[in-house]
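Colleague: Have a look at this one.
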Protein chains: 4
Amino acid sequence: MTEAIARRPVAVLGAGGYIGQHFLRLLADHPWFEPTLLAAGASGANRTVDEVWRLPEAPPAAITGRRLVRATPAAVARAGVTVAFGGLPSGTAGPFERELARRGVAVFSNASDLRGADGVPLLVPEVNEAHLALLDRRAKRRAPIVTNPNCSATGLALALAPILPVLRPRSVHVATYQALSGAGWPGVPSLAIADNVLPFIADEEEKLAAETRRLLGRRQGAGVRSWATPVHAHCARVATREGHLEAVTLEATRRPTRRAILDAWRRFDPLAERGLPTAPHPPVEVREEADRPQPLRDRWAGSPPAARGMAATVGRVRWDAPVLRFFVLSHNAVRGGAGGSVLNAELALADGWLG
Amino acid sequence: MTEAIARRPVAVLGAGGYIGQHFLRLLADHPWFEPTLLAAGASGANRTVDEVWRLPEAPPAAITGRRLVRATPAAVARAGVTVAFGGLPSGTAGPFERELARRGVAVFSNASDLRGADGVPLLVPEVNEAHLALLDRRAKRRAPIVTNPNCSATGLALALAPILPVLRPRSVHVATYQALSGAGWPGVPSLAIADNVLPFIADEEEKLAAETRRLLGRRQGAGVRSWATPVHAHCARVATREGHLEAVTLEATRRPTRRAILDAWRRFDPLAERGLPTAPHPPVEVREEADRPQPLRDRWAGSPPAARGMAATVGRVRWDAPVLRFFVLSHNAVRGGAGGSVLNAELALADGWLG
Amino acid sequence: MTEAIARRPVAVLGAGGYIGQHFLRLLADHPWFEPTLLAAGASGANRTVDEVWRLPEAPPAAITGRRLVRATPAAVARAGVTVAFGGLPSGTAGPFERELARRGVAVFSNASDLRGADGVPLLVPEVNEAHLALLDRRAKRRAPIVTNPNCSATGLALALAPILPVLRPRSVHVATYQALSGAGWPGVPSLAIADNVLPFIADEEEKLAAETRRLLGRRQGAGVRSWATPVHAHCARVATREGHLEAVTLEATRRPTRRAILDAWRRFDPLAERGLPTAPHPPVEVREEADRPQPLRDRWAGSPPAARGMAATVGRVRWDAPVLRFFVLSHNAVRGGAGGSVLNAELALADGWLG
Amino acid sequence: MTEAIARRPVAVLGAGGYIGQHFLRLLADHPWFEPTLLAAGASGANRTVDEVWRLPEAPPAAITGRRLVRATPAAVARAGVTVAFGGLPSGTAGPFERELARRGVAVFSNASDLRGADGVPLLVPEVNEAHLALLDRRAKRRAPIVTNPNCSATGLALALAPILPVLRPRSVHVATYQALSGAGWPGVPSLAIADNVLPFIADEEEKLAAETRRLLGRRQGAGVRSWATPVHAHCARVATREGHLEAVTLEATRRPTRRAILDAWRRFDPLAERGLPTAPHPPVEVREEADRPQPLRDRWAGSPPAARGMAATVGRVRWDAPVLRFFVLSHNAVRGGAGGSVLNAELALADGWLG
């Protein structure tokens with residue numbers, strides 16, 4: 001009976017961009033949040049959702065015809081929203097989000113500017129919910145800022161979290177096959193990628209390694225001690241539309257059975273009883289076919305329907321003790337982008353951080 | 001003055017297939033070999049080169065209009081050729097090639113059937129020329145069989161050979177981005193790969209690891225002791241036409257300077273003075289741009305012009321001692337296929353193995 | 001209240017193929033039909049739906065784990081189904097379907113074998129419902145066979161039917177941009193189409209012209225007099241997954257206003273009151289953006305949700321009287337394939353042809 | 001013996017762009033012209049050819065390491081060049097080219113700004129050499145400006161010119177399958193075109209129709225009377241790298257034999273005796289295979305080697321008198337771009353227009 005509960009009015013920042021439109025898609029009919037302010041930059045403002053829409057699927061009926069507006073942080077705050085979802089580009093995002101928080105608007109952001117900043121949790125709910133406690137409850141007027149990690153770090157952290165206890169790896173090697181949408185719009189020129197692979201994405205390997213290790217680290221007082229195990233990353237762009245695939249190798253210090261490893265993934269569902277609308281159950285799906293996961297077929301993994309694209313898919317599990325190899329796939333713009341922040345906001349609301 | 005030297009008449013086996021046609025392309029105007037017998041299976045026999053041609057570039061004028069024929073090993077031997085280039089599919093190749101050798105026809109093969117068989121060198125001339133000595137000079141009538149390795153192993157071995165002495169790695173990790181042509185024709189269905197990556201190629205990871213280690217191993221009497229260092233491989237297919245890209249990480253036991261590593265690659269040219277027509281100089285090209293090598297731009301690397309597609313390209317060299325990361329690219333159907341065997345035959349001829 | 005109505009048990013023929021799987025997807029939860037027999041050829045039989053599944057989206061839960069079987073027409077008839085949906089390849093389909101009908105099983109087929117055969121309507125319900133009367137009510141025991149047209153003819157006929165009365169064209173020119181899935185599985189080799197367009201599809205131009213003209217023709221006794229206007233077709237394959245795009249030019253003999261033409265399309269909904277579950281309303285969607293329709297964005301057009309992929313989308317309407325140019329897009333495997341036959345069966349059932 | 005002839009120093013305008021780099025590629029070793037000034041806009045200036053290079057093939061050795069410069073028309077004139085090749089974007093090109101001509105620098109331009117302007121021939125040498133006479137010999141100081149047509153018009157005009165005399169069509173219908181490079185760099189976003197066709201290219205249909213008709217028209221005094229036959233065009237973008245394919249239908253008023261039509265194409269070579277280095281012989285290649293021309297295989301058509309990419313390829317010729325259907329393919333960036341202007345300059349030089 002969702003109709004009995006008033007949905008909180010929220011803002012979507014960067015609604016003209018690719019991640020912003022995934023936010024709109026996920027929030028249009030969200031049971032807890034209602035997108036009432038659609039903010040965009042100069043190129044999107046004053047145009048309708050339909051006019052700026054870039055996703056293959058049509059915009060949800062609930063937001064069809066709505067108009068994007070330019071809005072300062074002050075204007076967002078005055079508009080009566082207390083939560084904003086951040087799809088702004090790097091550089092612009094940080095100061096804007098800080099100012100919003102200062103004015104009492106909670107921010108759940110996909111931007112990289114404030115990831116790892118003091119008092120700003122970098123969060124994947126199934127992986128490091130405890131990091132939410134980095135938020136400062138005493139800062140009365142200042143609202144929380146929570147960021148989701150880089151799109152490739154999200155999938156890797158989800159795949160690693162369940163199995164670290166049974167494997168205790170001494171090193172992690174990862175090579176990515178990242179989708180075009182990871183670069184937003186207009187993103188990669190078609191002439192750059194047609195019949196090609198681009199073996200470089202600026203700053204991506206550093207983010208993938210550092211953010212994965214932070215997600216898997218422990219909170220210590222007001223900070224986080226990153227996981228000590230090194231993560232050696234290669235990041236490359238391939239000509240798929242959506243879904244980041246990653247080839248992962250762990251050198252383990254333990255030698256459990258193959259079954260124990262698979263069970264660790266399958267039993268993993270730390271949000272099972274939390275009732276978060278966008279949470280996938282299970283968050284990691286394991287496939288035993290010889291040729292999965294695939295971007296085309298597994299990008300939308302996730303149950304129930306509201307969690308489509310929110311599950312990571314693990315497959316091709318090869319265990320030659322003490323070396324484990326597998327592939328993991330997750331939807332970069334959903335689980336690794338807008339959906340990640342929506343889930344973060346759901347958790348924050350359930351945990352009482354949104355007043 | 002190549003006109004003074006009679007070209008040896010050679011056969012191309014599997015001339016209707018993708019690798020077979022790369023053989024034809026490379027041999028049509030070769031200074032030492034002349035393709036006089038174009039053998040094909042049922043689907044290609046009795047058709048002209050033009051009718052079966054699958055490569056984007058037009059067939060060379062020297063073979064335009066030539067007709068493919070069905071031929072038993074006996075017929076190949078009777079046709080007066082003493083060298084055959086093997087582009088037959090696995091399964092068919094082994095017995096056919098054995099019988100050819102028994103009848104005195106030397107075989108240079110891209111097929112995997114006899115790789116690693118007794119007395120059959122697995123050869124990349126710049127990497128393990130010494131393995132040619134596995135051939136048995138006493139077997140008077142039997143002609144030599146030499147195989148080139150798997151297309152992804154070729155590039156990896158070329159990239160590793162120059163730097164092993166300065167790094168002495170304890171482990172090698174590799175993830176591949178392999179082109180469509182690696183699967184031959186008809187190969188991968190377009191519906192399987194459009195907007196997709198396939199994280200599985202049958203037997204490929206095993207071949208990549210085992211053949212790379214064999215290439216880097218030492219001959220011991222009539223056998224080869226494979227390189228002891230483990231190679232952990234992931235193999236995936238992406239939607240590029242030609243050129244296998246590989247992301248490589250070494251955990252080194254030595255800590256040379258970055259310059260020393262680059263110099264090791266740049267100084268590497270063991271065939272410099274051999275005068276082999278198809279040998280690239282240098283065999284490994286190092287690029288310092290942020291985003292190379294790329295399949296589209298580097299697949300045809302190799303100087304002089306007769307060695308187009310024969311050089312491996314290394315780039316994105318990241319040295320965080322003791323961990324080295326880089327990408328390597330090589331043309332799977334040229335350096336990692338037909339061109340590899342053509343170079344093997346050139347070396348065998350120069351070294352006196354072809355009588 | 002569909003639960004009160006028993007669903008008719010139906011067979012899907014060719015369930016291992018691409019069109020067969022679209023049949024399964026459409027019928028899994030169909031309110032009138034229930035797929036109880038999943039028939040496949042040698043390569044698919046005895047495997048589960050999951051094992052043979054080729055579509056990007058996962059198989060519907062209702063058929064997950066179901067096993068495909070080999071079945072003769074006699075076995076299909078004995079299995080208690082009275083309706084079969086045909087996804088068999090050409091050549092096989094005709095005799096199989098004839099034998100099914102002889103045994104009292106109605107056939108709704110995507111195969112081309114019996115299109116235009118005596119007593120076999122070629123049907124697009126919104127276009128030529130009257131052709132259903134070609135079925136012979138007197139043939140007591142023989143069940144009806146109805147075919148949907150070629151995938152490119154379906155879209156063209158849907159686009160033309162509404163506007164013929166206002167334009168009365170003297171000629172139709174069409175050039176197609178057809179998707180990979182039109183060739184089924186394995187279909188087009190990836191090496192044939194990557195970075196390419198194939199300007200030839202066997203027999204396609206002939207089918208497109210002849211079937212469009214038949215659909216737009218009039219029933220005359222036991223036959224059909226095809227529409228007299230010539231249709232000049234070019235058919236080409238492009239590297240899209242699904243959705244056939246067509247560039248259409250009409251030379252009109254009337255000169256209505258542009259608005260009158262658009263209104264003719266918009267008002268067209270001959271099945272509006274029929275209550276067919278898979279019928280789209282409207283069947284032709286008109287878009288006014290500068291760059292639509294597009295395969296990526298419009299292939300799934302169709303309302304209500306059960307009619308996804310069943311609407312044709314018309315756009316880029318350029319009226320320089322007396323010459324009309326526009327593009328039309330329709331989903332080749334849904335509206336132009338499995339969905340077309342499902343809708344035909346719904347109409348036949350509603351019209352009393354299924355006993 | 002080209003070494004005996006001094007090459008004329010020429011400028012390439014827009015050397016940082018996609019067409020500009022095709023100019024560089026074609027001129028690097030040109031026997032008559034030598035690119036001595038490489039002019040670029042703000043984003044390219046002060047960078048080397050290697051740094052800005054976008055084409056898949058490596059830059060020619062003759063220009064490797066050369067630096068691009070910003071240059072006003074005055075600076076170009078002062079640099080001692082008397083011929084400039086224009087690869088500037090529309091809007092910028094017109095005034096710049098006018099000023100160059102005023103200062104005595106002849107311009108051969110790919111830009112659309114001055115196409116059809118007074119005294120500026122729109123030229124495809126094999127089609128309308130007579131239009132060169134639009135140049136005004138009396139304008140003593142002003143140098144000539146000659147433009148090549150739109151990339152899709154070039155191929156169509158080349159295909160039509162030989163057969164108009166034998167067919168005398170009353171109408172021409174054309175639908176295009178245009179390559180990504182037609183939009184330059186960065187051009188089409190990869191997310192816009194992956195798994196898609198874009199049925200709209202701004203102003204392209206108008207240019208294709210108007211420029212084709214102008215090319216096929218007759219000079220009348222200082223102007224051109226366009227060909228009277230209507231050209232009905234659809235223009236669409238597909239995901240190929242290079243090579244525009246076009247589906248063409250003519251409604252003829254004559255009924256020659258099929259052989260007469262093919263012969264008209266095959267005998268067409270109006271530049272046969274002119275000795276222009278970049279002219280292809282024949283300019284229109286006719287293929288009889290069922291599935292040609294294809295962008296992948298025919299884009300580089302053209303003999304001798306210096307004319308690679310300069311020939312149009314015609315195929316799939318279907319003659320159902322009086323309706324002729326065929327496909328034509330030409331390389332948009334070579335024949336339809338930089339190469340077109342290089343050939344125009346060669347003709348102008350040979351005809352004495354360059355002093």
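In the structure tokens, each chain is lettered A, B, ... as it comes, each chain's residues begin at 1, and ligands are numbered from 1 in order of appearance.
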What are the nearest atom pairs, with distances in Å to one decimal, for all residues of chain A that come at most 10 Å from chain C, using only C-alpha atoms, set out by chain and rising residue number as a tab-separated table?
Modeller:
residue	atom	partner	partner_atom	distance
A:Glu51	CA	C:Glu289	CA	8.8
A:Arg54	CA	C:Arg297	CA	9.2
A:Leu55	CA	C:Arg297	CA	7.9
A:Pro56	CA	C:Arg297	CA	4.6
A:Glu57	CA	C:Arg297	CA	6.2
A:Ala58	CA	C:Arg297	CA	7.3
A:Ala194	CA	C:Asp195	CA	7.4
A:Asp195	CA	C:Asp195	CA	6.9
A:Glu289	CA	C:Glu51	CA	8.8
A:Gln294	CA	C:Pro56	CA	9.5
A:Pro295	CA	C:Pro56	CA	9.4
A:Leu296	CA	C:Pro56	CA	5.9
A:Arg297	CA	C:Pro56	CA	4.6
A:Asp298	CA	C:Pro56	CA	8.1
A:Arg299	CA	C:Pro56	CA	9.5
A:Trp300	CA	C:Glu57	CA	8.3
A:Ala301	CA	C:Ala58	CA	9.0
Colleague: With C-alpha atoms retained, could you export that selection as a PDB file, in the first residue's frame?
Modeller:
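This went into result_33.pdb:
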ATOM      1  CA  GLU A  51      13.464  16.361 -25.950  1.00  0.00           C
ATOM      2  CA  ARG A  54      19.005   9.586 -24.611  1.00  0.00           C
ATOM      3  CA  LEU A  55      18.147   6.121 -23.279  1.00  0.00           C
ATOM      4  CA  PRO A  56      16.899   3.468 -25.722  1.00  0.00           C
ATOM      5  CA  GLU A  57      13.748   2.787 -23.692  1.00  0.00           C
ATOM      6  CA  ALA A  58      11.133   5.536 -23.729  1.00  0.00           C
ATOM      7  CA  ALA A 194      34.048   1.052 -34.154  1.00  0.00           C
ATOM      8  CA  ASP A 195      36.104  -2.102 -34.827  1.00  0.00           C
ATOM      9  CA  GLU A 289      27.079 -21.903 -18.014  1.00  0.00           C
ATOM     10  CA  GLN A 294      27.766 -11.524 -20.916  1.00  0.00           C
ATOM     11  CA  PRO A 295      26.972  -7.809 -21.155  1.00  0.00           C
ATOM     12  CA  LEU A 296      24.125  -8.415 -23.584  1.00  0.00           C
ATOM     13  CA  ARG A 297      22.392 -11.054 -21.531  1.00  0.00           C
ATOM     14  CA  ASP A 298      23.231 -10.257 -17.933  1.00  0.00           C
ATOM     15  CA  ARG A 299      23.260  -6.492 -17.693  1.00  0.00           C
ATOM     16  CA  TRP A 300      19.693  -6.376 -16.436  1.00  0.00           C
ATOM     17  CA  ALA A 301      20.137  -9.083 -13.782  1.00  0.00           C
TER      18      ALA A 301
END
Colleague: Would you pick out the contacts of range 198-208 of chain C at 9 Å or less, using only C-alpha atoms, so that residues sharing its chain but fewer than 4 positions from it are not included, and give the list as number ranges by chain?
Modeller: C: 149-154, 156, 183, 192-193, 212-213, 231-238; D: 245, 247, 290-295, 316, 327
Colleague: Output N, CA, C and O atoms of each residue in that selection to a file, as a short mmCIF file (atom, residue, chain, number, x, y, z; two decimals), in the first residue's frame.
Modeller:
data_model
loop_
_atom_site.label_atom_id
_atom_site.label_comp_id
_atom_site.auth_asym_id
_atom_site.auth_seq_id
_atom_site.Cartn_x
_atom_site.Cartn_y
_atom_site.Cartn_z
N PRO C 149 3.27 -12.49 -43.14
CA PRO C 149 4.18 -12.22 -44.26
C PRO C 149 5.63 -12.08 -43.82
O PRO C 149 5.93 -12.05 -42.63
N ASN C 150 6.48 -11.96 -44.78
CA ASN C 150 7.88 -11.60 -44.62
C ASN C 150 8.01 -10.40 -43.68
O ASN C 150 7.19 -9.49 -43.68
N CYS C 151 9.09 -10.40 -42.90
CA CYS C 151 9.25 -9.37 -41.87
C CYS C 151 9.30 -7.96 -42.44
O CYS C 151 8.81 -7.01 -41.81
N SER C 152 9.86 -7.78 -43.62
CA SER C 152 9.91 -6.41 -44.16
C SER C 152 8.59 -6.02 -44.81
O SER C 152 8.24 -4.83 -44.85
N ALA C 153 7.85 -7.01 -45.31
CA ALA C 153 6.55 -6.70 -45.92
C ALA C 153 5.54 -6.26 -44.86
O ALA C 153 4.67 -5.43 -45.11
N THR C 154 5.65 -6.82 -43.66
CA THR C 154 4.71 -6.47 -42.61
C THR C 154 4.75 -4.98 -42.31
O THR C 154 3.71 -4.30 -42.26
N LEU C 156 5.93 -2.54 -44.10
CA LEU C 156 5.54 -1.70 -45.24
C LEU C 156 4.02 -1.70 -45.42
O LEU C 156 3.41 -0.65 -45.63
N ALA C 183 17.80 -12.94 -40.08
CA ALA C 183 18.42 -14.14 -40.67
C ALA C 183 18.45 -15.31 -39.70
O ALA C 183 19.02 -16.35 -40.00
N ALA C 192 31.18 -11.15 -41.58
CA ALA C 192 30.55 -10.67 -42.81
C ALA C 192 29.95 -9.29 -42.63
O ALA C 192 29.82 -8.55 -43.61
N ILE C 193 29.59 -8.94 -41.42
CA ILE C 193 28.79 -7.72 -41.23
C ILE C 193 29.48 -6.66 -40.38
O ILE C 193 29.09 -5.49 -40.43
N THR C 212 3.70 -7.59 -50.09
CA THR C 212 3.05 -6.30 -49.80
C THR C 212 1.86 -6.10 -50.73
O THR C 212 0.77 -5.69 -50.30
N ARG C 213 2.08 -6.40 -52.00
CA ARG C 213 0.99 -6.20 -52.97
C ARG C 213 -0.15 -7.18 -52.72
O ARG C 213 -1.32 -6.85 -52.90
N VAL C 231 5.83 -2.11 -56.70
CA VAL C 231 6.67 -1.87 -55.53
C VAL C 231 8.11 -2.18 -55.93
O VAL C 231 8.42 -3.33 -56.28
N HIS C 232 8.96 -1.19 -55.92
CA HIS C 232 10.36 -1.35 -56.31
C HIS C 232 11.22 -1.39 -55.06
O HIS C 232 11.30 -0.41 -54.33
N ALA C 233 11.86 -2.54 -54.83
CA ALA C 233 12.51 -2.74 -53.54
C ALA C 233 14.01 -2.98 -53.66
O ALA C 233 14.49 -3.65 -54.59
N HIS C 234 14.72 -2.43 -52.67
CA HIS C 234 16.12 -2.77 -52.40
C HIS C 234 16.16 -3.31 -50.97
O HIS C 234 15.65 -2.67 -50.06
N CYS C 235 16.81 -4.44 -50.76
CA CYS C 235 16.91 -4.98 -49.40
C CYS C 235 18.38 -5.13 -49.02
O CYS C 235 19.17 -5.73 -49.75
N ALA C 236 18.72 -4.61 -47.85
CA ALA C 236 20.10 -4.67 -47.37
C ALA C 236 20.11 -5.01 -45.88
O ALA C 236 19.17 -4.70 -45.15
N ARG C 237 21.18 -5.64 -45.47
CA ARG C 237 21.35 -6.03 -44.07
C ARG C 237 22.34 -5.09 -43.39
O ARG C 237 23.43 -4.84 -43.93
N VAL C 238 21.96 -4.57 -42.25
CA VAL C 238 22.86 -3.73 -41.47
C VAL C 238 23.09 -4.37 -40.10
O VAL C 238 22.39 -5.32 -39.71
N LEU D 245 27.20 3.70 -49.15
CA LEU D 245 26.46 2.82 -50.04
C LEU D 245 25.15 3.50 -50.39
O LEU D 245 24.55 4.17 -49.54
N ALA D 247 21.35 2.89 -52.57
CA ALA D 247 20.42 2.07 -53.34
C ALA D 247 19.70 3.00 -54.32
O ALA D 247 19.06 3.96 -53.90
N ALA D 290 26.60 -11.55 -56.44
CA ALA D 290 25.25 -11.30 -55.95
C ALA D 290 25.20 -10.27 -54.83
O ALA D 290 24.16 -9.65 -54.61
N ASP D 291 26.30 -10.09 -54.12
CA ASP D 291 26.23 -9.33 -52.87
C ASP D 291 27.21 -8.16 -52.79
O ASP D 291 27.62 -7.77 -51.71
N ARG D 292 27.52 -7.61 -53.92
CA ARG D 292 28.42 -6.47 -53.94
C ARG D 292 27.72 -5.29 -54.59
O ARG D 292 26.80 -5.50 -55.37
N PRO D 293 28.13 -4.05 -54.33
CA PRO D 293 29.27 -3.61 -53.54
C PRO D 293 28.97 -3.61 -52.04
O PRO D 293 27.82 -3.50 -51.62
N GLN D 294 30.03 -3.76 -51.26
CA GLN D 294 29.96 -3.69 -49.81
C GLN D 294 30.95 -2.64 -49.31
O GLN D 294 32.07 -2.57 -49.82
N PRO D 295 30.57 -1.89 -48.29
CA PRO D 295 31.51 -0.89 -47.76
C PRO D 295 32.84 -1.51 -47.35
O PRO D 295 33.92 -0.99 -47.68
N ARG D 316 24.81 -5.32 -58.14
CA ARG D 316 23.40 -5.73 -58.01
C ARG D 316 22.52 -5.01 -59.03
O ARG D 316 21.45 -4.47 -58.69
N PHE D 327 23.03 -0.83 -56.73
CA PHE D 327 23.69 -0.18 -55.60
C PHE D 327 24.98 0.44 -56.11
O PHE D 327 25.63 -0.11 -57.01
#
Colleague: List every residue of range 234-312 of chain C that DSSP, applied to the backbone of this structure, places in alpha helix (DSSP H), and write the result as an NGL selection string.
Modeller: :C and (258-266 or 295-298)
Colleague: Please extract the residues of range 160-354 of chain D with a backbone DSSP assignment of strand (DSSP E or B) and present them as a ChimeraX atom specification.
Modeller: /D:171-178,189,198,218-220,223-225,231-234,237,244-251,284-286,312-320,323-330
Colleague: Please provide the set of residues having any atom within 7 Å of Trp319 in chain A, restricted to only C-alpha atoms, with same-chain residues fewer than 5 positions apart removed, written as a PyMOL selection string.
Modeller: chain A and resi 258+324-325
Colleague: Please produce a file of the residues just selected, as a tab-separated table (two decimals), in the first residue's frame, where the atoms kept are N, CA and C atoms.
Modeller:
chain	number	residue	atom	x	y	z
A	258	ARG	N	35.69	-25.69	-3.95
A	258	ARG	CA	34.99	-24.87	-4.93
A	258	ARG	C	33.56	-24.58	-4.47
A	324	LEU	N	42.07	-18.26	-7.86
A	324	LEU	CA	40.67	-18.22	-8.31
A	324	LEU	C	40.55	-17.23	-9.46
A	325	ARG	N	39.90	-17.69	-10.53
A	325	ARG	CA	39.60	-16.79	-11.65
A	325	ARG	C	38.10	-16.79	-11.90
